[in-house]
Amino acid sequence: SRQASGMASSLLLKGAVVLSAALTADAFAPGGAFLPRDSRAASLSTRTSGLSLAPPPSAARSNAALNDMNMLGVVITGAAGGVGFAYADEFMARGHDVVICDISDQIDKAAEALRKKHEGGTAKLYATKCDVSDPDSVQRLADFSKDSLGTVHKWINNAGVNGGRRHFDELGYKDIELVVKVNLLGALYCTSAAMKLLQQQEGVTGHIFNTVGSGVKGGGTPGYVCYGATKRGQPQMTDSLVAELEKGVQGYDRKEYPGKVMVHTLSPGMVFTQLLLDDSTPELRKFPFGVLAAQPEEVAADLVPKILAKSDQGGAVEYLTVDKVLTKLFNRFALGQKSEFIDDDGNVIKQPGAQYDENGVRALF
């Protein structure tokens, strides 16, 4: 009917307005490297949550279809759970060898789960503990990666914390220091170590991916002031490195290395992890989470092929692209499709057979 059509158009318009706000102001705290608030007590834990909300629809994929490139060596930080764990799973499914690291003791359980899942496959999995806020620990990671993989082709800086969703004036100095050390110094340390490793790989082009999140576009991130500030720095750091690698530094001799390094940003968007639900309200869970957020497995299945295909210097690899956002908004507001994961009251829809924690978050392994 004309009335129904008008209502749908009105809802879609509202959705488009929300989209504009999200893209310009980072209002919805996207980012796949979120941690629960109590991770601050876990020795500066840099792991992403080992939990997700519900599995995406299964899809049978043959080894031949997945092994879309020659075997590569991949390093992923913050991979004891969440999207980091899902990245490793997807790379291994495609036949690539992977090093995962994390400061959390969960890294051993994550490694065991991945090895068991891919038993009989060609991909190898190596795991080690690493505190990305400690430069010595990061250097040990680089050495371990070289010894384990031989050649590193993709290095993904995924580890991160955000300090919890709180007013800035409630944060202690140590809380602020933690977020800055892990997110910003950690990215700088890991990028530095990765560059030095990749530069010495003769005839090899290596790629470094720095994960961005809420605040990357410069908009306000209330409740996540420190996190937003550190993520705002990621694209600037990446752009500076691209210019330095391609053009050099004025007044200094141009450096030449056996291997070539390319640097990019990586945006997983909103991912259902522990922190996405921790401190959240029913209103946030209904929207935007129930409309725009995705499962770690779904994000990895989308991003890993893009990471593998990336061949030019710089640029962004994104999950939540504008067309994907518009499609999700259209499906929800124009077609009236409901979330598979959040009910009308903002509660988590639990899937049969899945294990959940007290926040309603499903275990990945």
# chains A, B, ... in the order shown; residues from 1 in each chain; ligands from 1

call {"tool": "select_by_dssp", "arguments": {"residues": "stretch 128-262 of chain A", "states": "alpha helix (DSSP H)", "output": "MDAnalysis selection string"}}
result
chainID A and resid 135:149 173:179 186:199 225:247

call {"tool": "write_last_selection", "arguments": {"atoms": "C-alpha atoms", "output": "PDB file, in the first residue's frame"}}
result
ATOM      1  CA  PRO A 135      59.410  -3.993  23.133  1.00  0.00           C
ATOM      2  CA  ASP A 136      61.555  -6.920  24.282  1.00  0.00           C
ATOM      3  CA  SER A 137      58.555  -9.229  24.127  1.00  0.00           C
ATOM      4  CA  VAL A 138      57.718  -7.940  20.649  1.00  0.00           C
ATOM      5  CA  GLN A 139      61.254  -8.606  19.431  1.00  0.00           C
ATOM      6  CA  ARG A 140      61.005 -12.152  20.761  1.00  0.00           C
ATOM      7  CA  LEU A 141      57.787 -12.517  18.774  1.00  0.00           C
ATOM      8  CA  ALA A 142      59.551 -11.390  15.599  1.00  0.00           C
ATOM      9  CA  ASP A 143      62.400 -13.846  16.197  1.00  0.00           C
ATOM     10  CA  PHE A 144      59.945 -16.659  16.961  1.00  0.00           C
ATOM     11  CA  SER A 145      57.977 -15.880  13.793  1.00  0.00           C
ATOM     12  CA  LYS A 146      61.094 -15.969  11.628  1.00  0.00           C
ATOM     13  CA  ASP A 147      62.268 -19.242  13.169  1.00  0.00           C
ATOM     14  CA  SER A 148      58.818 -20.843  12.893  1.00  0.00           C
ATOM     15  CA  LEU A 149      57.645 -19.640   9.495  1.00  0.00           C
ATOM     16  CA  TYR A 173      46.370   7.165  35.282  1.00  0.00           C
ATOM     17  CA  LYS A 174      47.254   3.477  35.037  1.00  0.00           C
ATOM     18  CA  ASP A 175      44.051   2.823  33.073  1.00  0.00           C
ATOM     19  CA  ILE A 176      44.989   5.537  30.600  1.00  0.00           C
ATOM     20  CA  GLU A 177      48.573   4.286  30.402  1.00  0.00           C
ATOM     21  CA  LEU A 178      47.409   0.731  29.663  1.00  0.00           C
ATOM     22  CA  VAL A 179      45.292   1.709  26.656  1.00  0.00           C
ATOM     23  CA  GLY A 186      52.091  -1.750  20.858  1.00  0.00           C
ATOM     24  CA  ALA A 187      51.231  -0.971  17.234  1.00  0.00           C
ATOM     25  CA  LEU A 188      54.426   1.058  16.848  1.00  0.00           C
ATOM     26  CA  TYR A 189      56.599  -1.640  18.440  1.00  0.00           C
ATOM     27  CA  CYS A 190      55.028  -4.426  16.383  1.00  0.00           C
ATOM     28  CA  THR A 191      55.204  -2.433  13.155  1.00  0.00           C
ATOM     29  CA  SER A 192      58.856  -1.594  13.796  1.00  0.00           C
ATOM     30  CA  ALA A 193      59.775  -5.220  14.515  1.00  0.00           C
ATOM     31  CA  ALA A 194      57.768  -6.451  11.528  1.00  0.00           C
ATOM     32  CA  MET A 195      59.345  -3.921   9.162  1.00  0.00           C
ATOM     33  CA  LYS A 196      62.863  -4.885  10.175  1.00  0.00           C
ATOM     34  CA  LEU A 197      62.008  -8.544   9.634  1.00  0.00           C
ATOM     35  CA  LEU A 198      60.225  -8.082   6.306  1.00  0.00           C
ATOM     36  CA  GLN A 199      62.901  -5.766   4.906  1.00  0.00           C
ATOM     37  CA  VAL A 225      38.129   8.557  25.024  1.00  0.00           C
ATOM     38  CA  CYS A 226      41.503   6.815  25.351  1.00  0.00           C
ATOM     39  CA  TYR A 227      40.634   4.069  22.893  1.00  0.00           C
ATOM     40  CA  GLY A 228      39.396   6.544  20.296  1.00  0.00           C
ATOM     41  CA  ALA A 229      42.515   8.677  20.649  1.00  0.00           C
ATOM     42  CA  THR A 230      44.812   5.693  20.082  1.00  0.00           C
ATOM     43  CA  LYS A 231      42.831   4.417  17.104  1.00  0.00           C
ATOM     44  CA  ARG A 232      42.789   7.867  15.526  1.00  0.00           C
ATOM     45  CA  GLY A 233      46.572   7.591  15.343  1.00  0.00           C
ATOM     46  CA  GLN A 234      46.608   4.331  13.371  1.00  0.00           C
ATOM     47  CA  PRO A 235      45.814   5.716   9.893  1.00  0.00           C
ATOM     48  CA  GLN A 236      48.178   8.649  10.424  1.00  0.00           C
ATOM     49  CA  MET A 237      50.975   6.264  11.363  1.00  0.00           C
ATOM     50  CA  THR A 238      50.163   4.069   8.381  1.00  0.00           C
ATOM     51  CA  ASP A 239      50.016   6.985   5.922  1.00  0.00           C
ATOM     52  CA  SER A 240      53.327   8.322   7.245  1.00  0.00           C
ATOM     53  CA  LEU A 241      54.968   4.951   6.797  1.00  0.00           C
ATOM     54  CA  VAL A 242      53.609   4.597   3.264  1.00  0.00           C
ATOM     55  CA  ALA A 243      55.069   7.984   2.312  1.00  0.00           C
ATOM     56  CA  GLU A 244      58.387   7.162   3.970  1.00  0.00           C
ATOM     57  CA  LEU A 245      58.631   3.748   2.321  1.00  0.00           C
ATOM     58  CA  GLU A 246      57.763   5.047  -1.130  1.00  0.00           C
ATOM     59  CA  LYS A 247      59.414   8.491  -1.123  1.00  0.00           C
TER      60      LYS A 247
END

call {"tool": "residues_around", "arguments": {"residues": "A:Ala127", "least_positions_apart": "2", "cutoff": "12 Å", "atoms": "only C-alpha atoms", "output": "ChimeraX atom specification"}}
result
/A:74-80,85,88,97-115,124-125,129-130,141,144-145,148-149

call {"tool": "atom_distance", "arguments": {"atom1": "atom CA of A:Arg94", "atom2": "atom CA of A:Thr205"}}
result
19.5 Å

call {"tool": "residues_around", "arguments": {"residues": "A:Ala309", "least_positions_apart": "4", "cutoff": "12 Å", "atoms": "only C-alpha atoms", "output": "VMD selection string"}}
result
chain A and resid 68 to 69 153 to 154 207 302 to 305 317
